[in-house]
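Student: Handing over structure-v2.cif, mmCIF, N, CA and C atoms.
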```cif
data_run
loop_
_atom_site.group_PDB
_atom_site.id
_atom_site.type_symbol
_atom_site.label_atom_id
_atom_site.label_comp_id
_atom_site.auth_asym_id
_atom_site.auth_seq_id
_atom_site.Cartn_x
_atom_site.Cartn_y
_atom_site.Cartn_z
ATOM 1 N N LEU A 1 4.878 6.681 -10.743
ATOM 2 C CA LEU A 1 6.017 6.171 -10.007
ATOM 3 C C LEU A 1 7.222 7.061 -10.249
ATOM 4 N N GLY A 2 7.913 7.333 -9.199
ATOM 5 C CA GLY A 2 9.156 8.079 -9.325
ATOM 6 C C GLY A 2 8.929 9.556 -9.521
ATOM 7 N N GLU A 3 9.160 10.333 -8.489
ATOM 8 C CA GLU A 3 9.003 11.779 -8.589
ATOM 9 C C GLU A 3 10.179 12.429 -9.298
ATOM 10 N N LYS A 4 11.290 11.716 -9.404
ATOM 11 C CA LYS A 4 12.476 12.272 -10.036
ATOM 12 C C LYS A 4 12.609 11.694 -11.439
ATOM 13 N N PRO A 5 12.711 12.542 -12.444
ATOM 14 C CA PRO A 5 12.799 12.045 -13.828
ATOM 15 C C PRO A 5 13.992 11.135 -14.073
ATOM 16 N N GLU A 6 15.067 11.299 -13.311
ATOM 17 C CA GLU A 6 16.271 10.492 -13.540
ATOM 18 C C GLU A 6 16.169 9.091 -12.937
ATOM 19 N N THR A 7 15.119 8.830 -12.178
ATOM 20 C CA THR A 7 14.946 7.508 -11.580
ATOM 21 C C THR A 7 14.664 6.487 -12.671
ATOM 22 N N GLU A 8 15.394 5.385 -12.626
ATOM 23 C CA GLU A 8 15.192 4.316 -13.604
ATOM 24 C C GLU A 8 14.671 3.070 -12.904
ATOM 25 N N TYR A 9 13.783 2.391 -13.568
ATOM 26 C CA TYR A 9 13.223 1.153 -13.036
ATOM 27 C C TYR A 9 13.472 0.040 -14.041
ATOM 28 N N ALA A 10 13.932 -1.072 -13.548
ATOM 29 C CA ALA A 10 14.154 -2.229 -14.416
ATOM 30 C C ALA A 10 12.817 -2.940 -14.630
ATOM 31 N N PRO A 11 12.512 -3.293 -15.865
ATOM 32 C CA PRO A 11 11.262 -4.024 -16.102
ATOM 33 C C PRO A 11 11.311 -5.403 -15.462
ATOM 34 N N ARG A 12 10.178 -5.839 -14.963
ATOM 35 C CA ARG A 12 10.069 -7.178 -14.363
ATOM 36 C C ARG A 12 8.794 -7.816 -14.876
ATOM 37 N N ASP A 13 8.901 -9.051 -15.262
ATOM 38 C CA ASP A 13 7.734 -9.817 -15.675
ATOM 39 C C ASP A 13 7.348 -10.771 -14.556
ATOM 40 N N PHE A 14 6.066 -10.892 -14.323
ATOM 41 C CA PHE A 14 5.571 -11.880 -13.379
ATOM 42 C C PHE A 14 4.141 -12.217 -13.768
ATOM 43 N N THR A 15 3.715 -13.363 -13.337
ATOM 44 C CA THR A 15 2.372 -13.838 -13.636
ATOM 45 C C THR A 15 1.587 -13.945 -12.348
ATOM 46 N N LEU A 16 0.429 -13.309 -12.328
ATOM 47 C CA LEU A 16 -0.460 -13.436 -11.183
ATOM 48 C C LEU A 16 -1.354 -14.646 -11.394
ATOM 49 N N GLN A 17 -1.460 -15.447 -10.382
ATOM 50 C CA GLN A 17 -2.364 -16.581 -10.418
ATOM 51 C C GLN A 17 -3.780 -16.080 -10.144
ATOM 52 N N PRO A 18 -4.790 -16.823 -10.545
ATOM 53 C CA PRO A 18 -6.171 -16.394 -10.296
ATOM 54 C C PRO A 18 -6.402 -16.060 -8.821
ATOM 55 N N GLY A 19 -6.978 -14.886 -8.590
ATOM 56 C CA GLY A 19 -7.275 -14.436 -7.238
ATOM 57 C C GLY A 19 -6.152 -13.704 -6.536
ATOM 58 N N GLU A 20 -4.935 -13.700 -7.111
ATOM 59 C CA GLU A 20 -3.815 -13.010 -6.471
ATOM 60 C C GLU A 20 -3.946 -11.499 -6.640
ATOM 61 N N LEU A 21 -3.300 -10.785 -5.723
ATOM 62 C CA LEU A 21 -3.363 -9.331 -5.677
ATOM 63 C C LEU A 21 -1.962 -8.751 -5.764
ATOM 64 N N VAL A 22 -1.805 -7.710 -6.549
ATOM 65 C CA VAL A 22 -0.564 -6.949 -6.537
ATOM 66 C C VAL A 22 -0.916 -5.552 -6.005
ATOM 67 N N ALA A 23 -0.069 -5.043 -5.117
ATOM 68 C CA ALA A 23 -0.296 -3.734 -4.517
ATOM 69 C C ALA A 23 0.948 -2.879 -4.716
ATOM 70 N N VAL A 24 0.734 -1.662 -5.147
ATOM 71 C CA VAL A 24 1.810 -0.676 -5.275
ATOM 72 C C VAL A 24 1.409 0.496 -4.393
ATOM 73 N N VAL A 25 2.271 0.852 -3.457
ATOM 74 C CA VAL A 25 1.972 1.953 -2.551
ATOM 75 C C VAL A 25 3.060 3.011 -2.645
ATOM 76 N N SER A 26 2.682 4.233 -2.395
ATOM 77 C CA SER A 26 3.653 5.329 -2.425
ATOM 78 C C SER A 26 4.409 5.406 -1.107
ATOM 79 N N GLU A 27 5.472 6.170 -1.134
ATOM 80 C CA GLU A 27 6.267 6.400 0.070
ATOM 81 C C GLU A 27 5.413 7.027 1.169
ATOM 82 N N GLY A 28 4.416 7.828 0.774
ATOM 83 C CA GLY A 28 3.531 8.460 1.750
ATOM 84 C C GLY A 28 2.731 7.459 2.554
ATOM 85 N N VAL A 29 2.449 6.290 1.991
ATOM 86 C CA VAL A 29 1.775 5.224 2.739
ATOM 87 C C VAL A 29 2.764 4.614 3.726
ATOM 88 N N LEU A 30 3.926 4.263 3.246
ATOM 89 C CA LEU A 30 4.915 3.578 4.094
ATOM 90 C C LEU A 30 5.422 4.454 5.229
ATOM 91 N N LEU A 31 5.561 5.745 4.984
ATOM 92 C CA LEU A 31 6.141 6.644 5.983
ATOM 93 C C LEU A 31 5.106 7.333 6.864
ATOM 94 N N ALA A 32 3.820 7.096 6.621
ATOM 95 C CA ALA A 32 2.771 7.705 7.451
ATOM 96 C C ALA A 32 3.010 7.305 8.903
ATOM 97 N N ALA A 33 3.241 8.299 9.768
ATOM 98 C CA ALA A 33 3.671 8.022 11.140
ATOM 99 C C ALA A 33 2.587 8.342 12.156
ATOM 100 N N ASP A 34 2.642 7.606 13.263
ATOM 101 C CA ASP A 34 1.739 7.878 14.380
ATOM 102 C C ASP A 34 2.332 9.007 15.225
ATOM 103 N N ALA A 35 1.683 9.333 16.337
ATOM 104 C CA ALA A 35 2.123 10.446 17.183
ATOM 105 C C ALA A 35 3.519 10.226 17.769
ATOM 106 N N GLN A 36 3.954 8.963 17.865
ATOM 107 C CA GLN A 36 5.294 8.667 18.382
ATOM 108 C C GLN A 36 6.337 8.601 17.270
ATOM 109 N N GLY A 37 5.923 8.874 16.041
ATOM 110 C CA GLY A 37 6.856 8.871 14.923
ATOM 111 C C GLY A 37 7.071 7.514 14.284
ATOM 112 N N ARG A 38 6.299 6.507 14.673
ATOM 113 C CA ARG A 38 6.450 5.159 14.110
ATOM 114 C C ARG A 38 5.688 5.075 12.792
ATOM 115 N N PRO A 39 6.375 4.736 11.709
ATOM 116 C CA PRO A 39 5.713 4.644 10.410
ATOM 117 C C PRO A 39 4.874 3.376 10.281
ATOM 118 N N VAL A 40 3.918 3.420 9.380
ATOM 119 C CA VAL A 40 3.141 2.221 9.043
ATOM 120 C C VAL A 40 4.107 1.154 8.552
ATOM 121 N N GLY A 41 4.979 1.508 7.617
ATOM 122 C CA GLY A 41 6.007 0.606 7.114
ATOM 123 C C GLY A 41 5.476 -0.526 6.249
ATOM 124 N N VAL A 42 6.395 -1.245 5.674
ATOM 125 C CA VAL A 42 6.061 -2.373 4.805
ATOM 126 C C VAL A 42 5.287 -3.428 5.596
ATOM 127 N N GLN A 43 5.726 -3.704 6.826
ATOM 128 C CA GLN A 43 5.063 -4.737 7.628
ATOM 129 C C GLN A 43 3.621 -4.356 7.945
ATOM 130 N N GLY A 44 3.365 -3.079 8.173
ATOM 131 C CA GLY A 44 1.990 -2.637 8.431
ATOM 132 C C GLY A 44 1.106 -2.832 7.217
ATOM 133 N N VAL A 45 1.634 -2.528 6.046
ATOM 134 C CA VAL A 45 0.876 -2.733 4.807
ATOM 135 C C VAL A 45 0.629 -4.222 4.592
ATOM 136 N N ILE A 46 1.663 -5.039 4.784
ATOM 137 C CA ILE A 46 1.513 -6.484 4.617
ATOM 138 C C ILE A 46 0.471 -7.033 5.590
ATOM 139 N N ARG A 47 0.470 -6.531 6.816
ATOM 140 C CA ARG A 47 -0.506 -6.998 7.810
ATOM 141 C C ARG A 47 -1.935 -6.734 7.332
ATOM 142 N N VAL A 48 -2.191 -5.523 6.844
ATOM 143 C CA VAL A 48 -3.538 -5.194 6.356
ATOM 144 C C VAL A 48 -3.884 -6.050 5.141
ATOM 145 N N LEU A 49 -2.949 -6.193 4.203
ATOM 146 C CA LEU A 49 -3.217 -7.002 3.010
ATOM 147 C C LEU A 49 -3.505 -8.449 3.399
ATOM 148 N N SER A 50 -2.781 -8.969 4.373
ATOM 149 C CA SER A 50 -2.996 -10.350 4.820
ATOM 150 C C SER A 50 -4.372 -10.516 5.459
ATOM 151 N N GLN A 51 -4.776 -9.534 6.233
ATOM 152 C CA GLN A 51 -6.093 -9.582 6.875
ATOM 153 C C GLN A 51 -7.224 -9.538 5.851
ATOM 154 N N GLN A 52 -6.939 -8.985 4.698
ATOM 155 C CA GLN A 52 -7.956 -8.825 3.658
ATOM 156 C C GLN A 52 -7.824 -9.865 2.544
ATOM 157 N N ALA A 53 -7.071 -10.916 2.781
ATOM 158 C CA ALA A 53 -6.823 -11.940 1.761
ATOM 159 C C ALA A 53 -8.122 -12.439 1.145
ATOM 160 N N GLY A 54 -8.162 -12.460 -0.180
ATOM 161 C CA GLY A 54 -9.299 -12.990 -0.914
ATOM 162 C C GLY A 54 -10.454 -12.025 -1.076
ATOM 163 N N LYS A 55 -10.381 -10.861 -0.461
ATOM 164 C CA LYS A 55 -11.481 -9.895 -0.544
ATOM 165 C C LYS A 55 -11.313 -9.019 -1.787
ATOM 166 N N PRO A 56 -12.397 -8.407 -2.254
ATOM 167 C CA PRO A 56 -12.312 -7.547 -3.439
ATOM 168 C C PRO A 56 -11.319 -6.389 -3.231
ATOM 169 N N ALA A 57 -10.687 -5.967 -4.310
ATOM 170 C CA ALA A 57 -9.668 -4.918 -4.232
ATOM 171 C C ALA A 57 -10.219 -3.642 -3.596
ATOM 172 N N ALA A 58 -11.464 -3.294 -3.885
ATOM 173 C CA ALA A 58 -12.050 -2.083 -3.293
ATOM 174 C C ALA A 58 -12.114 -2.193 -1.773
ATOM 175 N N GLN A 59 -12.424 -3.366 -1.261
ATOM 176 C CA GLN A 59 -12.485 -3.577 0.183
ATOM 177 C C GLN A 59 -11.084 -3.523 0.788
ATOM 178 N N VAL A 60 -10.108 -4.046 0.088
ATOM 179 C CA VAL A 60 -8.719 -3.994 0.547
ATOM 180 C C VAL A 60 -8.255 -2.535 0.616
ATOM 181 N N ALA A 61 -8.577 -1.758 -0.408
ATOM 182 C CA ALA A 61 -8.195 -0.337 -0.436
ATOM 183 C C ALA A 61 -8.830 0.410 0.732
ATOM 184 N N THR A 62 -10.101 0.127 0.996
ATOM 185 C CA THR A 62 -10.778 0.778 2.117
ATOM 186 C C THR A 62 -10.122 0.399 3.438
ATOM 187 N N ALA A 63 -9.766 -0.862 3.612
ATOM 188 C CA ALA A 63 -9.115 -1.302 4.847
ATOM 189 C C ALA A 63 -7.771 -0.605 5.034
ATOM 190 N N LEU A 64 -7.018 -0.465 3.954
ATOM 191 C CA LEU A 64 -5.716 0.201 4.064
ATOM 192 C C LEU A 64 -5.896 1.691 4.357
ATOM 193 N N ARG A 65 -6.856 2.316 3.695
ATOM 194 C CA ARG A 65 -7.121 3.733 3.963
ATOM 195 C C ARG A 65 -7.545 3.927 5.424
ATOM 196 N N ASN A 66 -8.407 3.032 5.926
ATOM 197 C CA ASN A 66 -8.838 3.119 7.328
ATOM 198 C C ASN A 66 -7.665 2.951 8.282
ATOM 199 N N GLU A 67 -6.751 2.039 7.953
ATOM 200 C CA GLU A 67 -5.565 1.835 8.786
ATOM 201 C C GLU A 67 -4.694 3.093 8.802
ATOM 202 N N LEU A 68 -4.516 3.719 7.659
ATOM 203 C CA LEU A 68 -3.726 4.961 7.600
ATOM 204 C C LEU A 68 -4.374 6.058 8.437
ATOM 205 N N GLU A 69 -5.693 6.188 8.322
ATOM 206 C CA GLU A 69 -6.389 7.218 9.086
ATOM 207 C C GLU A 69 -6.281 6.965 10.587
ATOM 208 N N LYS A 70 -6.421 5.705 10.982
ATOM 209 C CA LYS A 70 -6.307 5.350 12.400
ATOM 210 C C LYS A 70 -4.872 5.577 12.894
ATOM 211 N N HIS A 71 -3.907 5.149 12.101
ATOM 212 C CA HIS A 71 -2.496 5.234 12.494
ATOM 213 C C HIS A 71 -2.040 6.685 12.644
ATOM 214 N N THR A 72 -2.572 7.575 11.808
ATOM 215 C CA THR A 72 -2.129 8.970 11.811
ATOM 216 C C THR A 72 -3.140 9.909 12.458
ATOM 217 N N ALA A 73 -4.133 9.370 13.178
ATOM 218 C CA ALA A 73 -5.207 10.195 13.740
ATOM 219 C C ALA A 73 -4.679 11.327 14.622
ATOM 220 N N GLU A 74 -3.688 11.042 15.432
ATOM 221 C CA GLU A 74 -3.164 12.064 16.340
ATOM 222 C C GLU A 74 -2.095 12.940 15.698
ATOM 223 N N SER A 75 -1.351 12.385 14.761
ATOM 224 C CA SER A 75 -0.231 13.127 14.177
ATOM 225 C C SER A 75 -0.612 13.846 12.891
ATOM 226 N N GLY A 76 -1.572 13.318 12.164
ATOM 227 C CA GLY A 76 -1.931 13.878 10.868
ATOM 228 C C GLY A 76 -0.938 13.445 9.812
ATOM 229 N N ARG A 77 -1.419 13.261 8.598
ATOM 230 C CA ARG A 77 -0.513 12.883 7.503
ATOM 231 C C ARG A 77 0.135 14.130 6.938
ATOM 232 N N THR A 78 1.396 14.012 6.576
ATOM 233 C CA THR A 78 2.135 15.154 6.045
ATOM 234 C C THR A 78 2.504 14.964 4.578
ATOM 235 N N ASP A 79 2.118 13.837 3.997
ATOM 236 C CA ASP A 79 2.477 13.537 2.608
ATOM 237 C C ASP A 79 1.266 12.897 1.949
ATOM 238 N N TRP A 80 1.206 12.982 0.648
ATOM 239 C CA TRP A 80 0.119 12.311 -0.061
ATOM 240 C C TRP A 80 0.369 10.814 -0.054
ATOM 241 N N ALA A 81 -0.684 10.069 -0.126
ATOM 242 C CA ALA A 81 -0.584 8.608 -0.110
ATOM 243 C C ALA A 81 -1.315 8.072 -1.332
ATOM 244 N N ALA A 82 -0.647 7.211 -2.089
ATOM 245 C CA ALA A 82 -1.251 6.623 -3.280
ATOM 246 C C ALA A 82 -1.182 5.101 -3.186
ATOM 247 N N LEU A 83 -2.223 4.470 -3.681
ATOM 248 C CA LEU A 83 -2.330 3.030 -3.642
ATOM 249 C C LEU A 83 -2.906 2.546 -4.964
ATOM 250 N N LEU A 84 -2.276 1.540 -5.534
ATOM 251 C CA LEU A 84 -2.770 0.906 -6.749
ATOM 252 C C LEU A 84 -2.887 -0.578 -6.453
ATOM 253 N N LEU A 85 -4.086 -1.126 -6.641
ATOM 254 C CA LEU A 85 -4.324 -2.547 -6.410
ATOM 255 C C LEU A 85 -4.836 -3.187 -7.683
ATOM 256 N N ARG A 86 -4.434 -4.421 -7.898
ATOM 257 C CA ARG A 86 -4.936 -5.193 -9.056
ATOM 258 C C ARG A 86 -5.080 -6.637 -8.616
ATOM 259 N N ARG A 87 -6.317 -7.115 -8.629
ATOM 260 C CA ARG A 87 -6.565 -8.518 -8.293
ATOM 261 C C ARG A 87 -7.024 -9.222 -9.558
ATOM 262 N N THR A 88 -6.472 -10.389 -9.803
ATOM 263 C CA THR A 88 -6.909 -11.172 -10.949
ATOM 264 C C THR A 88 -8.184 -11.908 -10.588
ATOM 265 N N LEU A 89 -8.995 -12.169 -11.551
ATOM 266 C CA LEU A 89 -10.240 -12.894 -11.313
ATOM 267 C C LEU A 89 -9.953 -14.363 -11.060
ATOM 268 N N PRO A 90 -10.694 -14.961 -10.132
ATOM 269 C CA PRO A 90 -10.476 -16.382 -9.858
ATOM 270 C C PRO A 90 -10.926 -17.250 -11.025
#
```
Please re-express this file's structure in structure tokens.
Tutor:
Amino acid sequence: LGEKPETEYAPRDFTLQPGELVAVVSEGVLLAADAQGRPVGVQGVIRVLSQQAGKPAAQVATALRNELEKHTAESGRTDWAALLLRRTLP
């Protein structure tokens, strides 16, 4: 996280309930644009995560990767994309 060494992040505590998922995505995921320049954005990521509710993290990652590939098929990605998922066991 954070390509700039001077970037500071405030610690946050939270508790995941059984079966909940936390997702951390890089700017390259959010800014991945289609041929018209429209980025996937936070709402696009949320849409994919919602469609994959309750599914294993590996399947969620594959769905998001497929969405990025489809979204950028004509424009090509210009930045690296990173995704970290963690689902708690039910």
Student: One number please: CA of Gln36 (chain A) to CA of Asp79 (chain A), in Å, one decimal.
Tutor: 16.7 Å
Student: Leaving out region 27-31 of chain A and any residue of its chain fewer than 3 positions from it, which residues lie within 6.5 Å of it when counting only N, CA and C atoms, given as a PyMOL selection string?
Tutor: chain A and resi 38-42+79-82
Student: Using DSSP on the backbone, list every residue of chain A that comes out as strand (DSSP E), and give them as a list in words.
Tutor: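 Answer for chain A restricted to strand (DSSP E) is Leu21, Val22, Ala23, Val24, Val25, Leu83, Leu84, Leu85, Arg86 and Arg87 of chain A.
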Student: When you look at Arg87 (chain A) with a cut-off of 6 Å (counting all atoms listed in the file), what residues show up, excluding the ones that are within fewer than 2 positions of it in the same chain? I need them as a list of chain:residue names.
Tutor: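 Near neighbours after the sequence-gap exclusion: A:Gly19, A:Glu20, A:Leu21, A:Val22, A:Ala57, A:Leu85, A:Leu89.
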Student: Tell me which of A:Ala23, A:Asp34, A:Gly76, A:Pro90 sits closest to Ser50 (chain A), counting only C-alpha atoms.
Tutor: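 The shortest atom-to-atom distance to Ser50 (chain A) comes from A:Ala23.
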Student: Find the residue from A:Gln52, A:Ser75, A:Ala58, A:Arg65 that sits nearest to Gly37 (chain A); use only N, CA and C atoms when measuring.
Tutor: A:Ser75
Student: Please indicate the distance in Å from atom C of Leu64 (chain A) to atom N of Lys4 (chain A), rounded to one decimal place.
Tutor: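 For atom C of Leu64 (chain A) relative to atom N of Lys4 (chain A), the distance reads 24.2 Å.
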Student: Given the file above and the PyMOL selection byres (((chain A and resi 83 and name CA) around 6) and name CA), which residues are selected, and can you give them as JSON, numbers by chain?
Tutor: {"A": [24, 25, 82, 84]}
Student: Create the file for the chosen residues now, containing N, CA and C atoms and written as an mmCIF file, in the frame of the given file.
Tutor:
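Output below, filename part_8.cif:
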```
data_model
loop_
_atom_site.group_PDB
_atom_site.id
_atom_site.type_symbol
_atom_site.label_atom_id
_atom_site.label_comp_id
_atom_site.auth_asym_id
_atom_site.auth_seq_id
_atom_site.Cartn_x
_atom_site.Cartn_y
_atom_site.Cartn_z
ATOM 1 N N VAL A 24 0.734 -1.662 -5.147
ATOM 2 C CA VAL A 24 1.810 -0.676 -5.275
ATOM 3 C C VAL A 24 1.409 0.496 -4.393
ATOM 4 N N VAL A 25 2.271 0.852 -3.457
ATOM 5 C CA VAL A 25 1.972 1.953 -2.551
ATOM 6 C C VAL A 25 3.060 3.011 -2.645
ATOM 7 N N ALA A 82 -0.647 7.211 -2.089
ATOM 8 C CA ALA A 82 -1.251 6.623 -3.280
ATOM 9 C C ALA A 82 -1.182 5.101 -3.186
ATOM 10 N N LEU A 84 -2.276 1.540 -5.534
ATOM 11 C CA LEU A 84 -2.770 0.906 -6.749
ATOM 12 C C LEU A 84 -2.887 -0.578 -6.453
#
```
Student: Mind pulling up the distance from CA of Val45 (chain A) to atom N of Arg86 (chain A)?
Tutor: 13.9 Å
Student: For Glu74 (chain A), which of A:Val48, A:Pro11, A:Gln17, A:Ala33 is the closest residue, counting all atoms listed in the file?
Tutor: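 Among A:Val48, A:Pro11, A:Gln17, A:Ala33, it is A:Ala33 that comes nearest to Glu74 (chain A).
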Student: Taking only chain A into account, list the residues labelled alpha helix (DSSP H) by DSSP (computed from the backbone), as an MDAnalysis selection string.
Tutor: chainID A and resid 27:30 41:51 57:71
Student: Any chance you could export the current selection's N, CA and C atoms as an mmCIF file, in the frame of the given file?
Tutor:
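File produced: again00.cif:
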```
data_model
loop_
_atom_site.group_PDB
_atom_site.id
_atom_site.type_symbol
_atom_site.label_atom_id
_atom_site.label_comp_id
_atom_site.auth_asym_id
_atom_site.auth_seq_id
_atom_site.Cartn_x
_atom_site.Cartn_y
_atom_site.Cartn_z
ATOM 1 N N GLU A 27 5.472 6.170 -1.134
ATOM 2 C CA GLU A 27 6.267 6.400 0.070
ATOM 3 C C GLU A 27 5.413 7.027 1.169
ATOM 4 N N GLY A 28 4.416 7.828 0.774
ATOM 5 C CA GLY A 28 3.531 8.460 1.750
ATOM 6 C C GLY A 28 2.731 7.459 2.554
ATOM 7 N N VAL A 29 2.449 6.290 1.991
ATOM 8 C CA VAL A 29 1.775 5.224 2.739
ATOM 9 C C VAL A 29 2.764 4.614 3.726
ATOM 10 N N LEU A 30 3.926 4.263 3.246
ATOM 11 C CA LEU A 30 4.915 3.578 4.094
ATOM 12 C C LEU A 30 5.422 4.454 5.229
ATOM 13 N N GLY A 41 4.979 1.508 7.617
ATOM 14 C CA GLY A 41 6.007 0.606 7.114
ATOM 15 C C GLY A 41 5.476 -0.526 6.249
ATOM 16 N N VAL A 42 6.395 -1.245 5.674
ATOM 17 C CA VAL A 42 6.061 -2.373 4.805
ATOM 18 C C VAL A 42 5.287 -3.428 5.596
ATOM 19 N N GLN A 43 5.726 -3.704 6.826
ATOM 20 C CA GLN A 43 5.063 -4.737 7.628
ATOM 21 C C GLN A 43 3.621 -4.356 7.945
ATOM 22 N N GLY A 44 3.365 -3.079 8.173
ATOM 23 C CA GLY A 44 1.990 -2.637 8.431
ATOM 24 C C GLY A 44 1.106 -2.832 7.217
ATOM 25 N N VAL A 45 1.634 -2.528 6.046
ATOM 26 C CA VAL A 45 0.876 -2.733 4.807
ATOM 27 C C VAL A 45 0.629 -4.222 4.592
ATOM 28 N N ILE A 46 1.663 -5.039 4.784
ATOM 29 C CA ILE A 46 1.513 -6.484 4.617
ATOM 30 C C ILE A 46 0.471 -7.033 5.590
ATOM 31 N N ARG A 47 0.470 -6.531 6.816
ATOM 32 C CA ARG A 47 -0.506 -6.998 7.810
ATOM 33 C C ARG A 47 -1.935 -6.734 7.332
ATOM 34 N N VAL A 48 -2.191 -5.523 6.844
ATOM 35 C CA VAL A 48 -3.538 -5.194 6.356
ATOM 36 C C VAL A 48 -3.884 -6.050 5.141
ATOM 37 N N LEU A 49 -2.949 -6.193 4.203
ATOM 38 C CA LEU A 49 -3.217 -7.002 3.010
ATOM 39 C C LEU A 49 -3.505 -8.449 3.399
ATOM 40 N N SER A 50 -2.781 -8.969 4.373
ATOM 41 C CA SER A 50 -2.996 -10.350 4.820
ATOM 42 C C SER A 50 -4.372 -10.516 5.459
ATOM 43 N N GLN A 51 -4.776 -9.534 6.233
ATOM 44 C CA GLN A 51 -6.093 -9.582 6.875
ATOM 45 C C GLN A 51 -7.224 -9.538 5.851
ATOM 46 N N ALA A 57 -10.687 -5.967 -4.310
ATOM 47 C CA ALA A 57 -9.668 -4.918 -4.232
ATOM 48 C C ALA A 57 -10.219 -3.642 -3.596
ATOM 49 N N ALA A 58 -11.464 -3.294 -3.885
ATOM 50 C CA ALA A 58 -12.050 -2.083 -3.293
ATOM 51 C C ALA A 58 -12.114 -2.193 -1.773
ATOM 52 N N GLN A 59 -12.424 -3.366 -1.261
ATOM 53 C CA GLN A 59 -12.485 -3.577 0.183
ATOM 54 C C GLN A 59 -11.084 -3.523 0.788
ATOM 55 N N VAL A 60 -10.108 -4.046 0.088
ATOM 56 C CA VAL A 60 -8.719 -3.994 0.547
ATOM 57 C C VAL A 60 -8.255 -2.535 0.616
ATOM 58 N N ALA A 61 -8.577 -1.758 -0.408
ATOM 59 C CA ALA A 61 -8.195 -0.337 -0.436
ATOM 60 C C ALA A 61 -8.830 0.410 0.732
ATOM 61 N N THR A 62 -10.101 0.127 0.996
ATOM 62 C CA THR A 62 -10.778 0.778 2.117
ATOM 63 C C THR A 62 -10.122 0.399 3.438
ATOM 64 N N ALA A 63 -9.766 -0.862 3.612
ATOM 65 C CA ALA A 63 -9.115 -1.302 4.847
ATOM 66 C C ALA A 63 -7.771 -0.605 5.034
ATOM 67 N N LEU A 64 -7.018 -0.465 3.954
ATOM 68 C CA LEU A 64 -5.716 0.201 4.064
ATOM 69 C C LEU A 64 -5.896 1.691 4.357
ATOM 70 N N ARG A 65 -6.856 2.316 3.695
ATOM 71 C CA ARG A 65 -7.121 3.733 3.963
ATOM 72 C C ARG A 65 -7.545 3.927 5.424
ATOM 73 N N ASN A 66 -8.407 3.032 5.926
ATOM 74 C CA ASN A 66 -8.838 3.119 7.328
ATOM 75 C C ASN A 66 -7.665 2.951 8.282
ATOM 76 N N GLU A 67 -6.751 2.039 7.953
ATOM 77 C CA GLU A 67 -5.565 1.835 8.786
ATOM 78 C C GLU A 67 -4.694 3.093 8.802
ATOM 79 N N LEU A 68 -4.516 3.719 7.659
ATOM 80 C CA LEU A 68 -3.726 4.961 7.600
ATOM 81 C C LEU A 68 -4.374 6.058 8.437
ATOM 82 N N GLU A 69 -5.693 6.188 8.322
ATOM 83 C CA GLU A 69 -6.389 7.218 9.086
ATOM 84 C C GLU A 69 -6.281 6.965 10.587
ATOM 85 N N LYS A 70 -6.421 5.705 10.982
ATOM 86 C CA LYS A 70 -6.307 5.350 12.400
ATOM 87 C C LYS A 70 -4.872 5.577 12.894
ATOM 88 N N HIS A 71 -3.907 5.149 12.101
ATOM 89 C CA HIS A 71 -2.496 5.234 12.494
ATOM 90 C C HIS A 71 -2.040 6.685 12.644
#
```
Student: The centre and edge lengths of an axis-aligned box containing all atoms of region 19-27 of chain A present in the file, extended by 3 Å on each side, are to be given in Å to one decimal, as JSON.
Tutor:
```
{"center_x": -0.5, "center_y": -3.9, "center_z": -3.7, "size_x": 19.5, "size_y": 27.9, "size_z": 15.8}
```
Student: Of the candidates A:Glu67, A:Thr88, A:Thr15, A:Thr72, which shows the shortest atom-to-atom distance to Lys55 (chain A), using only C-alpha atoms?
Tutor: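 Smallest separation from Lys55 (chain A) among the options: A:Thr88.
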Student: Regenerate region 9-16 of chain A at the level of N, CA, C and O atoms and dump it as a PDB file, in the frame of the given file.
Tutor:
```pdb
ATOM      1  N   TYR A   9      13.783   2.391 -13.568  1.00  0.00           N
ATOM      2  CA  TYR A   9      13.223   1.153 -13.036  1.00  0.00           C
ATOM      3  C   TYR A   9      13.472   0.040 -14.041  1.00  0.00           C
ATOM      4  O   TYR A   9      13.236   0.217 -15.228  1.00  0.00           O
ATOM      5  N   ALA A  10      13.932  -1.072 -13.548  1.00  0.00           N
ATOM      6  CA  ALA A  10      14.154  -2.229 -14.416  1.00  0.00           C
ATOM      7  C   ALA A  10      12.817  -2.940 -14.630  1.00  0.00           C
ATOM      8  O   ALA A  10      12.068  -3.154 -13.680  1.00  0.00           O
ATOM      9  N   PRO A  11      12.512  -3.293 -15.865  1.00  0.00           N
ATOM     10  CA  PRO A  11      11.262  -4.024 -16.102  1.00  0.00           C
ATOM     11  C   PRO A  11      11.311  -5.403 -15.462  1.00  0.00           C
ATOM     12  O   PRO A  11      12.369  -6.028 -15.390  1.00  0.00           O
ATOM     13  N   ARG A  12      10.178  -5.839 -14.963  1.00  0.00           N
ATOM     14  CA  ARG A  12      10.069  -7.178 -14.363  1.00  0.00           C
ATOM     15  C   ARG A  12       8.794  -7.816 -14.876  1.00  0.00           C
ATOM     16  O   ARG A  12       7.757  -7.180 -14.906  1.00  0.00           O
ATOM     17  N   ASP A  13       8.901  -9.051 -15.262  1.00  0.00           N
ATOM     18  CA  ASP A  13       7.734  -9.817 -15.675  1.00  0.00           C
ATOM     19  C   ASP A  13       7.348 -10.771 -14.556  1.00  0.00           C
ATOM     20  O   ASP A  13       8.207 -11.367 -13.910  1.00  0.00           O
ATOM     21  N   PHE A  14       6.066 -10.892 -14.323  1.00  0.00           N
ATOM     22  CA  PHE A  14       5.571 -11.880 -13.379  1.00  0.00           C
ATOM     23  C   PHE A  14       4.141 -12.217 -13.768  1.00  0.00           C
ATOM     24  O   PHE A  14       3.478 -11.466 -14.467  1.00  0.00           O
ATOM     25  N   THR A  15       3.715 -13.363 -13.337  1.00  0.00           N
ATOM     26  CA  THR A  15       2.372 -13.838 -13.636  1.00  0.00           C
ATOM     27  C   THR A  15       1.587 -13.945 -12.348  1.00  0.00           C
ATOM     28  O   THR A  15       2.045 -14.580 -11.397  1.00  0.00           O
ATOM     29  N   LEU A  16       0.429 -13.309 -12.328  1.00  0.00           N
ATOM     30  CA  LEU A  16      -0.460 -13.436 -11.183  1.00  0.00           C
ATOM     31  C   LEU A  16      -1.354 -14.646 -11.394  1.00  0.00           C
ATOM     32  O   LEU A  16      -1.939 -14.818 -12.460  1.00  0.00           O
TER      33      LEU A  16
END
```
